[in-house]
>>> print(open('target-v3.cif').read())   # mmCIF, C-alpha atoms and all ligand atoms
data_my_file
loop_
_atom_site.label_atom_id
_atom_site.label_comp_id
_atom_site.auth_asym_id
_atom_site.auth_seq_id
_atom_site.Cartn_x
_atom_site.Cartn_y
_atom_site.Cartn_z
CA MET E 1 0.00 0.00 0.00
CA LYS E 2 1.87 3.03 -1.24
CA THR E 3 1.23 6.70 -0.57
CA GLU E 4 1.81 9.37 -3.20
CA ALA E 5 2.53 13.11 -3.15
CA LYS E 6 -0.53 15.16 -4.11
CA ASP E 7 -1.39 18.81 -4.67
CA LEU E 8 -4.49 19.55 -2.57
CA THR E 9 -5.12 23.15 -3.64
CA LEU E 10 -8.27 22.14 -5.50
CA ASN E 11 -9.32 19.67 -2.77
CA ASN E 12 -10.13 22.32 -0.16
CA SER E 13 -12.98 24.71 -0.67
CA LEU E 14 -10.99 27.82 0.27
CA LYS E 15 -8.55 26.83 -2.51
CA LEU E 16 -5.63 27.43 -0.16
CA ARG E 17 -2.26 26.46 -1.58
CA SER E 18 -1.60 23.01 -0.12
CA LYS E 19 0.18 19.78 -0.86
CA ALA E 20 0.49 16.40 0.85
CA LEU E 21 3.85 14.65 0.82
CA ASN E 22 2.14 11.28 1.47
CA TYR E 23 -1.49 10.84 0.37
CA TYR E 24 -3.53 7.64 0.53
CA GLU E 25 -7.12 6.89 -0.51
CA PHE E 26 -8.87 3.77 0.76
CA ASN E 27 -12.13 2.25 -0.33
CA SER E 28 -12.73 -0.51 2.21
CA ASN E 29 -11.99 -1.56 5.78
CA GLU E 30 -9.70 -4.29 4.44
CA GLN E 31 -7.56 -1.72 2.62
CA LEU E 32 -7.38 0.41 5.75
CA ASN E 33 -6.35 -2.59 7.83
CA SER E 34 -3.56 -3.62 5.53
CA PHE E 35 -2.36 0.00 5.28
CA PHE E 36 -1.89 0.08 9.05
CA LYS E 37 0.04 -3.15 9.16
CA ASN E 38 3.04 -0.88 8.69
CA SER E 39 2.26 0.61 12.09
CA LEU E 40 2.03 4.35 11.38
CA ASP E 41 1.99 6.76 14.32
CA TYR E 42 -1.47 8.36 14.39
CA GLU E 43 -0.07 11.74 15.35
CA ASP E 44 1.53 11.97 11.91
CA LEU E 45 -1.81 11.38 10.20
CA SER E 46 -4.41 13.82 8.89
CA ILE E 47 -7.85 12.75 7.74
CA VAL E 48 -9.60 14.73 5.04
CA GLY E 49 -12.99 14.55 3.40
CA GLU E 50 -13.91 17.14 0.77
CA GLY E 51 -12.10 19.97 2.56
CA THR E 52 -15.20 22.16 2.92
CA ASN E 53 -14.68 22.78 6.63
CA SER E 54 -10.91 22.67 6.91
CA ILE E 55 -8.02 25.05 6.69
CA PHE E 56 -5.33 23.06 4.93
CA PRO E 57 -1.64 23.82 5.71
CA SER E 58 0.77 24.69 2.89
CA VAL E 59 2.39 21.28 3.37
CA PHE E 60 1.06 18.18 5.10
CA HIS E 61 4.35 16.63 6.28
CA GLY E 62 2.75 13.44 7.63
CA THR E 63 0.30 11.15 5.85
CA VAL E 64 -3.09 12.30 4.58
CA LEU E 65 -5.91 9.72 4.48
CA ARG E 66 -9.21 9.95 2.62
CA SER E 67 -12.07 7.46 2.31
CA THR E 68 -13.53 6.91 -1.15
CA ASN E 69 -16.16 4.47 0.10
CA GLU E 70 -19.43 5.86 -1.31
CA SER E 71 -21.61 2.84 -0.55
CA ILE E 72 -25.18 3.22 0.75
CA THR E 73 -26.62 -0.02 2.10
CA GLU E 74 -29.78 -0.88 3.97
CA ALA E 75 -29.02 -2.10 7.45
CA LEU E 76 -30.12 -5.63 8.29
CA ASN E 77 -33.66 -6.18 9.61
CA SER E 78 -34.75 -2.65 8.84
CA ASP E 79 -36.33 -0.84 5.94
CA SER E 80 -35.53 2.68 7.04
CA THR E 81 -32.00 2.46 8.44
CA ILE E 82 -29.03 2.86 6.12
CA LYS E 83 -25.29 2.49 6.50
CA VAL E 84 -23.30 4.99 4.44
CA GLY E 85 -19.60 4.93 3.55
CA ALA E 86 -17.52 7.88 4.80
CA GLY E 87 -16.59 8.90 1.24
CA CYS E 88 -20.17 9.46 0.09
CA ASN E 89 -21.07 13.08 -0.66
CA TRP E 90 -23.60 14.33 1.89
CA ASP E 91 -25.86 16.18 -0.54
CA HIS E 92 -25.89 13.16 -2.87
CA LEU E 93 -27.06 11.09 0.11
CA VAL E 94 -29.93 13.53 0.71
CA ASP E 95 -31.10 13.05 -2.91
CA GLU E 96 -30.72 9.27 -2.72
CA CYS E 97 -32.84 9.16 0.43
CA VAL E 98 -35.62 11.30 -1.00
CA ASN E 99 -35.61 9.30 -4.27
CA ASN E 100 -35.95 6.09 -2.26
CA LYS E 101 -38.73 7.49 -0.07
CA LEU E 102 -36.62 7.72 3.07
CA PHE E 103 -37.35 11.01 4.77
CA GLY E 104 -35.92 13.33 7.42
CA LEU E 105 -32.75 14.80 5.91
CA GLU E 106 -34.49 17.38 3.68
CA ASN E 107 -33.56 20.43 5.83
CA LEU E 108 -29.92 19.33 5.68
CA ALA E 109 -29.88 19.50 1.86
CA GLY E 110 -27.15 21.56 0.25
CA ILE E 111 -24.59 21.14 3.05
CA PRO E 112 -21.29 20.47 1.28
CA GLY E 113 -18.83 17.76 2.27
CA SER E 114 -18.60 14.04 2.95
CA VAL E 115 -20.68 11.74 5.14
CA GLY E 116 -17.56 10.78 7.11
CA ALA E 117 -17.01 14.37 8.24
CA ALA E 118 -20.68 15.06 9.03
CA PRO E 119 -20.57 13.75 12.64
CA ILE E 120 -17.40 15.73 13.46
CA GLN E 121 -19.32 18.96 14.00
CA ASN E 122 -22.80 17.37 14.00
CA ILE E 123 -23.81 19.21 10.83
CA GLY E 124 -27.00 21.16 11.12
CA ALA E 125 -29.20 23.64 9.31
CA TYR E 126 -32.77 24.96 9.23
CA GLY E 127 -33.71 23.48 12.60
CA LYS E 128 -32.32 19.97 12.06
CA GLU E 129 -29.05 18.25 13.05
CA LEU E 130 -27.41 15.00 12.02
CA SER E 131 -27.60 13.70 15.61
CA GLN E 132 -31.39 13.46 15.29
CA PHE E 133 -30.98 10.69 12.70
CA LEU E 134 -27.66 9.04 13.42
CA THR E 135 -27.77 5.73 15.30
CA GLU E 136 -24.15 4.54 15.03
CA VAL E 137 -20.73 5.53 13.77
CA GLU E 138 -18.13 2.97 12.75
CA VAL E 139 -14.58 4.13 13.38
CA TYR E 140 -11.09 2.80 12.97
CA ASP E 141 -9.21 3.59 16.17
CA LEU E 142 -5.84 4.77 14.89
CA LYS E 143 -4.22 4.34 18.32
CA GLU E 144 -5.40 0.80 19.02
CA LYS E 145 -5.60 -0.20 15.34
CA ILE E 146 -9.04 -1.79 15.65
CA PHE E 147 -12.54 -1.03 14.34
CA LYS E 148 -15.12 0.15 16.89
CA THR E 149 -18.78 1.10 16.81
CA LEU E 150 -19.97 4.16 18.73
CA SER E 151 -23.64 4.67 19.61
CA ASN E 152 -25.32 8.06 19.19
CA GLU E 153 -24.93 8.68 22.93
CA GLU E 154 -21.22 7.82 22.86
CA CYS E 155 -20.68 10.45 20.13
CA LYS E 156 -21.57 13.18 22.68
CA PHE E 157 -23.20 15.43 20.11
CA GLY E 158 -23.92 19.09 20.81
CA TYR E 159 -24.24 22.31 18.80
CA ARG E 160 -21.51 21.94 16.14
CA THR E 161 -19.60 19.54 18.34
CA SER E 162 -19.00 15.86 19.08
CA ILE E 163 -16.51 13.52 20.73
CA PHE E 164 -14.57 13.39 17.44
CA GLN E 165 -13.28 16.93 17.93
CA LEU E 166 -11.37 15.74 20.99
CA HIS E 167 -10.58 12.18 19.91
CA LYS E 168 -8.60 12.67 16.73
CA GLU E 169 -7.66 8.99 16.75
CA PHE E 170 -11.13 8.04 15.49
CA LEU E 171 -11.20 7.71 11.73
CA ILE E 172 -14.85 7.45 10.70
CA THR E 173 -15.43 4.71 8.13
CA SER E 174 -19.24 4.68 7.98
CA VAL E 175 -22.32 6.30 9.49
CA THR E 176 -25.66 4.59 10.19
CA ILE E 177 -28.79 6.71 9.91
CA LYS E 178 -32.41 5.98 10.74
CA LEU E 179 -35.00 7.71 8.57
CA GLU E 180 -38.76 7.90 8.29
CA LYS E 181 -41.09 6.23 5.81
CA VAL E 182 -43.53 9.14 5.87
CA PHE E 183 -42.56 12.65 4.78
CA GLN E 184 -43.26 15.21 7.49
CA PRO E 185 -41.86 18.61 6.54
CA TYR E 186 -40.21 20.60 9.33
CA MET E 187 -41.10 24.24 8.73
CA ALA E 188 -40.70 25.69 12.24
CA TYR E 189 -37.71 27.80 11.27
CA LYS E 190 -37.60 31.54 10.54
CA ASP E 191 -36.78 31.27 6.82
CA LEU E 192 -39.29 28.46 6.21
CA GLU E 193 -42.40 29.88 7.82
CA ASN E 194 -45.20 30.63 5.32
CA LYS E 195 -43.46 28.65 2.57
CA LYS E 196 -45.62 26.14 0.67
CA ILE E 197 -44.23 22.80 -0.49
CA ASP E 198 -46.01 19.68 -1.74
CA SER E 199 -43.30 17.03 -1.62
CA SER E 200 -39.94 16.12 -0.12
CA LYS E 201 -38.24 16.96 -3.43
CA GLU E 202 -39.75 20.44 -3.35
CA MET E 203 -38.53 20.82 0.23
CA VAL E 204 -34.98 19.89 -0.78
CA GLU E 205 -35.08 22.36 -3.68
CA LEU E 206 -36.51 25.09 -1.41
CA ILE E 207 -33.69 24.62 1.09
CA ARG E 208 -31.05 24.69 -1.65
CA THR E 209 -32.53 27.87 -3.13
CA ILE E 210 -32.60 29.64 0.25
CA ARG E 211 -28.99 28.59 0.88
CA ASP E 212 -27.82 29.76 -2.55
CA ASP E 213 -29.47 33.15 -2.03
CA LYS E 214 -27.74 33.66 1.32
CA LEU E 215 -24.22 32.41 0.78
CA PRO E 216 -21.60 33.68 -1.66
CA ASP E 217 -21.08 31.45 -4.69
CA ARG E 218 -18.31 28.98 -3.84
CA GLU E 219 -16.76 29.00 -7.32
CA SER E 220 -16.20 32.76 -7.47
CA PHE E 221 -15.69 33.25 -3.73
CA PRO E 222 -14.05 30.11 -2.27
CA ASN E 223 -15.19 29.67 1.34
CA VAL E 224 -15.97 27.16 4.08
CA GLY E 225 -19.46 28.43 4.94
CA SER E 226 -19.91 29.89 8.43
CA PHE E 227 -16.47 30.67 9.81
CA PHE E 228 -17.46 31.32 13.43
CA LYS E 229 -19.86 29.51 15.74
CA ASN E 230 -22.78 31.51 17.10
CA PRO E 231 -21.93 32.19 20.78
CA VAL E 232 -24.16 30.41 23.31
CA LEU E 233 -24.28 32.07 26.76
CA SER E 234 -26.03 31.52 30.05
CA GLN E 235 -28.73 34.07 30.97
CA ASN E 236 -26.41 35.42 33.65
CA GLU E 237 -23.48 35.90 31.24
CA TYR E 238 -25.78 37.77 28.87
CA ASP E 239 -27.41 39.92 31.55
CA SER E 240 -24.09 40.96 33.08
CA ASN E 241 -22.51 42.04 29.78
CA GLU E 242 -24.15 45.34 28.85
CA LYS E 243 -22.23 45.56 25.60
CA LEU E 244 -24.40 42.74 24.27
CA HIS E 245 -27.69 44.45 24.94
CA LYS E 246 -27.62 46.46 21.72
CA LEU E 247 -27.65 43.25 19.63
CA THR E 248 -30.89 42.59 17.76
CA ASN E 249 -30.36 38.89 16.93
CA VAL E 250 -30.73 37.21 20.29
CA TRP E 251 -32.47 33.82 20.51
CA ARG E 252 -33.50 31.86 23.56
CA GLU E 253 -32.58 28.17 23.35
CA GLY E 254 -33.81 26.34 26.43
CA VAL E 255 -31.97 27.95 29.34
CA SER E 256 -29.30 29.46 27.05
CA ILE E 257 -29.06 32.59 24.94
CA LYS E 258 -27.69 32.31 21.41
CA LEU E 259 -26.20 35.33 19.64
CA SER E 260 -25.42 35.92 15.98
CA ALA E 261 -21.68 35.86 15.27
CA ALA E 262 -22.47 37.59 11.95
CA GLU E 263 -24.04 40.54 13.77
CA LEU E 264 -21.05 40.82 16.13
CA ILE E 265 -18.63 40.88 13.18
CA GLU E 266 -20.75 43.39 11.29
CA LEU E 267 -21.07 45.73 14.29
CA ALA E 268 -17.31 45.46 14.83
CA GLY E 269 -17.06 47.09 11.38
CA LEU E 270 -15.39 44.13 9.71
CA LYS E 271 -17.85 43.24 6.95
CA GLY E 272 -16.10 43.66 3.59
CA ILE E 273 -12.53 44.01 4.90
CA LYS E 274 -9.82 42.18 2.96
CA ILE E 275 -6.20 41.43 3.85
CA ASN E 276 -3.80 39.24 1.83
CA ASN E 277 -6.58 37.90 -0.42
CA VAL E 278 -8.70 36.84 2.57
CA GLY E 279 -11.87 38.84 3.08
CA VAL E 280 -15.07 39.02 5.11
CA SER E 281 -17.89 38.50 2.58
CA LEU E 282 -20.06 41.50 1.76
CA LYS E 283 -22.96 39.08 1.27
CA HIS E 284 -22.68 37.41 4.70
CA ALA E 285 -20.39 38.61 7.49
CA LEU E 286 -19.97 35.07 8.84
CA VAL E 287 -18.25 33.90 5.67
CA LEU E 288 -14.56 34.42 4.95
CA THR E 289 -13.59 34.19 1.29
CA CYS E 290 -10.31 33.71 -0.52
CA THR E 291 -10.06 35.64 -3.74
CA GLY E 292 -6.50 35.00 -4.81
CA ILE E 293 -3.47 33.06 -3.71
CA ALA E 294 -3.65 32.54 0.05
CA THR E 295 -2.31 30.14 2.66
CA GLN E 296 -3.26 28.90 6.10
CA LYS E 297 -1.10 31.70 7.57
CA ASP E 298 -3.32 34.34 5.95
CA LEU E 299 -6.43 32.66 7.36
CA VAL E 300 -4.90 32.51 10.85
CA PHE E 301 -4.12 36.24 10.64
CA MET E 302 -7.70 37.15 9.66
CA THR E 303 -9.22 34.79 12.26
CA ASN E 304 -7.16 36.36 15.04
CA LEU E 305 -7.95 39.88 13.88
CA ILE E 306 -11.71 39.22 13.92
CA ARG E 307 -11.61 37.47 17.30
CA GLU E 308 -9.59 40.32 18.84
CA ARG E 309 -11.91 43.03 17.47
CA VAL E 310 -15.05 41.25 18.69
CA LYS E 311 -13.41 40.66 22.07
CA ASN E 312 -12.49 44.32 22.28
CA ASP E 313 -15.93 45.64 21.28
CA PHE E 314 -18.16 43.10 23.08
CA ASP E 315 -15.96 41.47 25.72
CA LEU E 316 -16.83 38.12 24.16
CA ASP E 317 -14.80 35.24 22.68
CA ILE E 318 -16.00 33.83 19.40
CA LYS E 319 -14.71 30.48 18.19
CA ALA E 320 -13.80 29.44 14.67
CA GLU E 321 -15.92 26.60 13.26
CA PRO E 322 -13.57 25.08 10.64
CA ASN E 323 -10.69 22.79 11.52
CA PHE E 324 -7.11 24.02 11.17
CA LEU E 325 -5.33 20.88 9.98
C1 LIG E 401 -20.73 26.89 1.47
C2 LIG E 401 -20.70 26.06 2.72
C3 LIG E 401 -21.84 25.94 3.48
C4 LIG E 401 -21.83 25.16 4.65
N1 LIG E 401 -22.98 25.07 5.37
C5 LIG E 401 -23.01 24.31 6.50
C6 LIG E 401 -24.21 24.17 7.26
O1 LIG E 401 -25.26 24.70 6.89
N2 LIG E 401 -24.17 23.42 8.38
C7 LIG E 401 -23.04 22.77 8.80
O2 LIG E 401 -23.08 22.09 9.83
N3 LIG E 401 -21.88 22.87 8.09
C8 LIG E 401 -21.85 23.62 6.96
N4 LIG E 401 -20.69 23.74 6.24
C9 LIG E 401 -19.47 23.05 6.72
C10 LIG E 401 -19.23 21.69 6.03
O3 LIG E 401 -20.14 21.50 5.00
C11 LIG E 401 -19.37 20.52 7.00
O4 LIG E 401 -18.58 20.71 8.14
C12 LIG E 401 -18.97 19.19 6.36
O5 LIG E 401 -19.34 18.13 7.23
C13 LIG E 401 -17.48 19.09 6.03
O6 LIG E 401 -17.28 17.93 5.25
P1 LIG E 401 -15.89 17.68 4.51
O7 LIG E 401 -15.92 16.31 3.95
O8 LIG E 401 -15.62 18.76 3.54
O9 LIG E 401 -14.88 17.76 5.72
P2 LIG E 401 -13.36 18.24 5.76
O10 LIG E 401 -13.32 19.72 5.69
O11 LIG E 401 -12.57 17.49 4.78
O12 LIG E 401 -12.98 17.78 7.23
C14 LIG E 401 -13.57 18.42 8.35
C15 LIG E 401 -12.99 17.80 9.62
O13 LIG E 401 -13.39 16.45 9.71
C16 LIG E 401 -12.27 15.59 9.77
N5 LIG E 401 -12.64 14.41 8.99
C17 LIG E 401 -13.01 14.38 7.69
N6 LIG E 401 -13.34 13.12 7.33
C18 LIG E 401 -13.18 12.36 8.44
C19 LIG E 401 -13.35 10.96 8.72
N7 LIG E 401 -13.76 10.09 7.79
N8 LIG E 401 -13.07 10.52 9.98
C20 LIG E 401 -12.64 11.36 10.94
N9 LIG E 401 -12.44 12.68 10.73
C21 LIG E 401 -12.72 13.17 9.49
C22 LIG E 401 -11.10 16.37 9.20
O14 LIG E 401 -9.87 15.93 9.73
C23 LIG E 401 -11.46 17.78 9.67
O15 LIG E 401 -11.05 17.94 11.00
C24 LIG E 401 -20.66 24.49 5.04
C25 LIG E 401 -19.51 24.59 4.25
C26 LIG E 401 -19.52 25.35 3.09
C27 LIG E 401 -18.31 25.42 2.23
#
>>> encode(input="target-v3.cif", output="structure tokens", more="lines below")
Ligand SMILES: Cc1cc2nc3c(=O)[nH]c(=O)nc-3n(C[C@H](O)[C@H](O)[C@H](O)COP(=O)(O)OP(=O)(O)OC[C@H]3O[C@@H](n4cnc5c(N)ncnc54)[C@H](O)[C@@H]3O)c2cc1C
Amino acid sequence: MKTEAKDLTLNNSLKLRSKALNYYEFNSNEQLNSFFKNSLDYEDLSIVGEGTNSIFPSVFHGTVLRSTNESITEALNSDSTIKVGAGCNWDHLVDECVNNKLFGLENLAGIPGSVGAAPIQNIGAYGKELSQFLTEVEVYDLKEKIFKTLSNEECKFGYRTSIFQLHKEFLITSVTIKLEKVFQPYMAYKDLENKKIDSSKEMVELIRTIRDDKLPDRESFPNVGSFFKNPVLSQNEYDSNEKLHKLTNVWREGVSIKLSAAELIELAGLKGIKINNVGVSLKHALVLTCTGIATQKDLVFMTNLIRERVKNDFDLDIKAEPNFL
């Protein structure tokens, strides 16, 4: 099992200049097993999917692994549970489900990236999250060199978070998802209220249209979607910070208060700024775009600048959503 050198500039959605010195694609658990017979140290490994939520370095000095397993199979003894290979494209999966009358994922249509990366930050949109459908994740434990199965509970899902963000030794090989046989549209979300749809396919198209209208076009303005997580505070943290009281986008979520990172960035006067070919989108302040040759270093500079300005103006830390590999 040989690795190869590979230019990854077109394999990350910010189009950052990047290359891997040792790159390896695997299609099955058997291939992965035999690859690790050579006993690689997991700390020298990086796992990539489609690079739509990652900041790639200029050079990956260790080994870069990517699953190309795109299989979608029905789980045994069930007609609404499917097991999906980590290399399958998420949005393709959404179409496959709807075409096969398996429902639930419609609000998650249009999210870029691979199925294998979807549990990492518990992808979510328009009031739905992956964790509402996922039953199991199969991983290869890079430390122990064995396959394991994690239940939904063991994944410790939260808002844009999971156990996989701490346990980098888990390489996800497949995801098992339970869906519904009856289509029940979920419209209880700001942008969806008062919208009329007659089928799951119309729902998927509606979601994709709303997304396209909001976000900058990825071809002309390479980006990784939302760059910062919306801050979630306790009531007490919110009440005691007067600087936050002028914000207009403030949502109650259970006992917590969620703020809009886009509004914080906009009020900090950063919308539209551009340094070293990295800019804050004029269309959506939460999106950073690369419009020329740029590297991870340029992204780090812009991330730090935004975090410092928001901290200064609002006495609040905002956290980046994408993964700096
Ligand atoms: C335009 C745009 C819109 C977006 N909108 C949304 C949205 O609405 N909601 C949302 O939640 N996200 C959104 N995202 C973020 C992105 O789509 C998701 O995070 C997606 O799951 C990333 O998939 P990927 O294959 O590109 O992951 P990558 O960027 O390749 O990897 C992301 C992370 O996962 C790790 N990883 C990848 N594959 C595996 C694996 N098999 N096993 C273990 N670790 C792995 C990587 O090491 C890295 O840390 C958006 C991104 C873009 C560009």
>>> residues_near_ligand(input="target-v3.cif", ligand="ligand LIG 401 (chain E)", cutoff="6 Å", atoms="only C-alpha atoms and all ligand atoms", output="PyMOL selection string")
chain E and resi 46-54+86+111-114+116-118+120+123-125+170-173+223-225+323
>>> write_last_selection(input="target-v3.cif", atoms="C-alpha atoms", output="compact mmCIF listing (two decimals), in the coordinates of the input")
# COMPACT_ATOMS: atom_id res chain seq x y z
CA SER E 46 -4.41 13.82 8.89
CA ILE E 47 -7.85 12.75 7.74
CA VAL E 48 -9.60 14.73 5.04
CA GLY E 49 -12.99 14.55 3.40
CA GLU E 50 -13.91 17.14 0.77
CA GLY E 51 -12.10 19.97 2.56
CA THR E 52 -15.20 22.16 2.92
CA ASN E 53 -14.68 22.78 6.63
CA SER E 54 -10.91 22.67 6.91
CA ALA E 86 -17.52 7.88 4.80
CA ILE E 111 -24.59 21.14 3.05
CA PRO E 112 -21.29 20.47 1.28
CA GLY E 113 -18.83 17.76 2.27
CA SER E 114 -18.60 14.04 2.95
CA GLY E 116 -17.56 10.78 7.11
CA ALA E 117 -17.01 14.37 8.24
CA ALA E 118 -20.68 15.06 9.03
CA ILE E 120 -17.40 15.73 13.46
CA ILE E 123 -23.81 19.21 10.83
CA GLY E 124 -27.00 21.16 11.12
CA ALA E 125 -29.20 23.64 9.31
CA PHE E 170 -11.13 8.04 15.49
CA LEU E 171 -11.20 7.71 11.73
CA ILE E 172 -14.85 7.45 10.70
CA THR E 173 -15.43 4.71 8.13
CA ASN E 223 -15.19 29.67 1.34
CA VAL E 224 -15.97 27.16 4.08
CA GLY E 225 -19.46 28.43 4.94
CA ASN E 323 -10.69 22.79 11.52
>>> closest_residue(input="target-v3.cif", among="E:Glu205, E:Ala285, E:Leu316, E:Leu14", to="Ile55 of chain E", atoms="all atoms listed in the file")
E:Leu14
>>> atom_distance(input="target-v3.cif", atom1="atom CA of Glu70 of chain E", atom2="atom CA of Leu32 of chain E")
15.0 Å
>>> atom_distance(input="target-v3.cif", atom1="atom CA of Glu25 of chain E", atom2="atom CA of Val175 of chain E")
18.2 Å
>>> residues_around(input="target-v3.cif", residues="Phe60 of chain E", least_positions_apart="5", cutoff="10 Å", atoms="only C-alpha atoms", output="NGL selection string")
:E and (5-6 or 8 or 18-23 or 44-46 or 325)
>>> closest_residue(input="target-v3.cif", among="E:Pro185, E:Gly104, E:Gly272, E:Pro216", to="Glu202 of chain E", atoms="all atoms listed in the file")
E:Pro185
>>> atom_distance(input="target-v3.cif", atom1="atom CA of Ser71 of chain E", atom2="atom CA of Leu93 of chain E")
9.9 Å
>>> residues_around(input="target-v3.cif", residues="Asp79 of chain E", least_positions_apart="2", cutoff="12 Å", atoms="only C-alpha atoms", output="PDB file with C-alpha atoms, in the frame of the given file")
ATOM      1  CA  THR E  73     -26.620  -0.020   2.100  1.00  0.00           C
ATOM      2  CA  GLU E  74     -29.780  -0.880   3.970  1.00  0.00           C
ATOM      3  CA  ALA E  75     -29.020  -2.100   7.450  1.00  0.00           C
ATOM      4  CA  LEU E  76     -30.120  -5.630   8.290  1.00  0.00           C
ATOM      5  CA  ASN E  77     -33.660  -6.180   9.610  1.00  0.00           C
ATOM      6  CA  THR E  81     -32.000   2.460   8.440  1.00  0.00           C
ATOM      7  CA  ILE E  82     -29.030   2.860   6.120  1.00  0.00           C
ATOM      8  CA  LYS E  83     -25.290   2.490   6.500  1.00  0.00           C
ATOM      9  CA  CYS E  97     -32.840   9.160   0.430  1.00  0.00           C
ATOM     10  CA  ASN E 100     -35.950   6.090  -2.260  1.00  0.00           C
ATOM     11  CA  LYS E 101     -38.730   7.490  -0.070  1.00  0.00           C
ATOM     12  CA  LEU E 102     -36.620   7.720   3.070  1.00  0.00           C
ATOM     13  CA  PHE E 103     -37.350  11.010   4.770  1.00  0.00           C
ATOM     14  CA  ILE E 177     -28.790   6.710   9.910  1.00  0.00           C
ATOM     15  CA  LYS E 178     -32.410   5.980  10.740  1.00  0.00           C
ATOM     16  CA  LEU E 179     -35.000   7.710   8.570  1.00  0.00           C
ATOM     17  CA  GLU E 180     -38.760   7.900   8.290  1.00  0.00           C
ATOM     18  CA  LYS E 181     -41.090   6.230   5.810  1.00  0.00           C
TER      19      LYS E 181
END
>>> closest_residue(input="target-v3.cif", among="E:Val94, E:Ala320, E:Leu108, E:Val300", to="Ile275 of chain E", atoms="only C-alpha atoms")
E:Val300
>>> residues_around(input="target-v3.cif", residues="segment 249-256 of chain E", least_positions_apart="4", cutoff="10 Å", atoms="all atoms listed in the file", output="short mmCIF file (atom, residue, chain, number, x, y, z; two decimals) with C-alpha atoms, in the coordinates of the input")
data_model
loop_
_atom_site.label_atom_id
_atom_site.label_comp_id
_atom_site.auth_asym_id
_atom_site.auth_seq_id
_atom_site.Cartn_x
_atom_site.Cartn_y
_atom_site.Cartn_z
CA VAL E 232 -24.16 30.41 23.31
CA LEU E 233 -24.28 32.07 26.76
CA SER E 234 -26.03 31.52 30.05
CA GLN E 235 -28.73 34.07 30.97
CA ASN E 236 -26.41 35.42 33.65
CA GLU E 237 -23.48 35.90 31.24
CA TYR E 238 -25.78 37.77 28.87
CA LEU E 244 -24.40 42.74 24.27
CA HIS E 245 -27.69 44.45 24.94
CA SER E 260 -25.42 35.92 15.98
CA ALA E 261 -21.68 35.86 15.27
CA ALA E 262 -22.47 37.59 11.95
CA GLU E 263 -24.04 40.54 13.77
CA LEU E 264 -21.05 40.82 16.13
#
>>> closest_residue(input="target-v3.cif", among="E:Asn122, E:Thr135, E:Gln184, E:Asn29", to="Ser162 of chain E", atoms="all atoms listed in the file")
E:Asn122
>>> decode(input="target-v3.cif", residues="segment 86-98 of chain E", atoms="N, CA and C atoms", output="PDB file, in the first residue's frame")
ATOM      1  N   ALA E  86     -18.011   6.537   4.444  1.00  0.00           N
ATOM      2  CA  ALA E  86     -17.519   7.877   4.795  1.00  0.00           C
ATOM      3  C   ALA E  86     -17.239   8.748   3.570  1.00  0.00           C
ATOM      4  N   GLY E  87     -16.953   8.124   2.430  1.00  0.00           N
ATOM      5  CA  GLY E  87     -16.586   8.905   1.242  1.00  0.00           C
ATOM      6  C   GLY E  87     -17.770   9.388   0.427  1.00  0.00           C
ATOM      7  N   CYS E  88     -18.983   9.030   0.837  1.00  0.00           N
ATOM      8  CA  CYS E  88     -20.175   9.456   0.090  1.00  0.00           C
ATOM      9  C   CYS E  88     -20.384  10.961   0.279  1.00  0.00           C
ATOM     10  N   ASN E  89     -20.780  11.647  -0.777  1.00  0.00           N
ATOM     11  CA  ASN E  89     -21.065  13.082  -0.665  1.00  0.00           C
ATOM     12  C   ASN E  89     -22.404  13.268   0.068  1.00  0.00           C
ATOM     13  N   TRP E  90     -22.400  14.171   1.059  1.00  0.00           N
ATOM     14  CA  TRP E  90     -23.596  14.334   1.891  1.00  0.00           C
ATOM     15  C   TRP E  90     -24.830  14.718   1.071  1.00  0.00           C
ATOM     16  N   ASP E  91     -24.689  15.686   0.196  1.00  0.00           N
ATOM     17  CA  ASP E  91     -25.858  16.175  -0.542  1.00  0.00           C
ATOM     18  C   ASP E  91     -26.380  15.113  -1.515  1.00  0.00           C
ATOM     19  N   HIS E  92     -25.469  14.283  -2.032  1.00  0.00           N
ATOM     20  CA  HIS E  92     -25.886  13.158  -2.875  1.00  0.00           C
ATOM     21  C   HIS E  92     -26.731  12.191  -2.034  1.00  0.00           C
ATOM     22  N   LEU E  93     -26.310  11.970  -0.788  1.00  0.00           N
ATOM     23  CA  LEU E  93     -27.062  11.085   0.107  1.00  0.00           C
ATOM     24  C   LEU E  93     -28.483  11.615   0.313  1.00  0.00           C
ATOM     25  N   VAL E  94     -28.601  12.935   0.499  1.00  0.00           N
ATOM     26  CA  VAL E  94     -29.934  13.532   0.708  1.00  0.00           C
ATOM     27  C   VAL E  94     -30.831  13.211  -0.494  1.00  0.00           C
ATOM     28  N   ASP E  95     -30.314  13.366  -1.712  1.00  0.00           N
ATOM     29  CA  ASP E  95     -31.096  13.046  -2.912  1.00  0.00           C
ATOM     30  C   ASP E  95     -31.448  11.570  -2.972  1.00  0.00           C
ATOM     31  N   GLU E  96     -30.475  10.724  -2.678  1.00  0.00           N
ATOM     32  CA  GLU E  96     -30.716   9.271  -2.724  1.00  0.00           C
ATOM     33  C   GLU E  96     -31.828   8.883  -1.759  1.00  0.00           C
ATOM     34  N   CYS E  97     -31.821   9.491  -0.572  1.00  0.00           N
ATOM     35  CA  CYS E  97     -32.840   9.163   0.433  1.00  0.00           C
ATOM     36  C   CYS E  97     -34.221   9.560  -0.072  1.00  0.00           C
ATOM     37  N   VAL E  98     -34.328  10.807  -0.528  1.00  0.00           N
ATOM     38  CA  VAL E  98     -35.625  11.295  -1.000  1.00  0.00           C
ATOM     39  C   VAL E  98     -36.115  10.445  -2.183  1.00  0.00           C
TER      40      VAL E  98
END
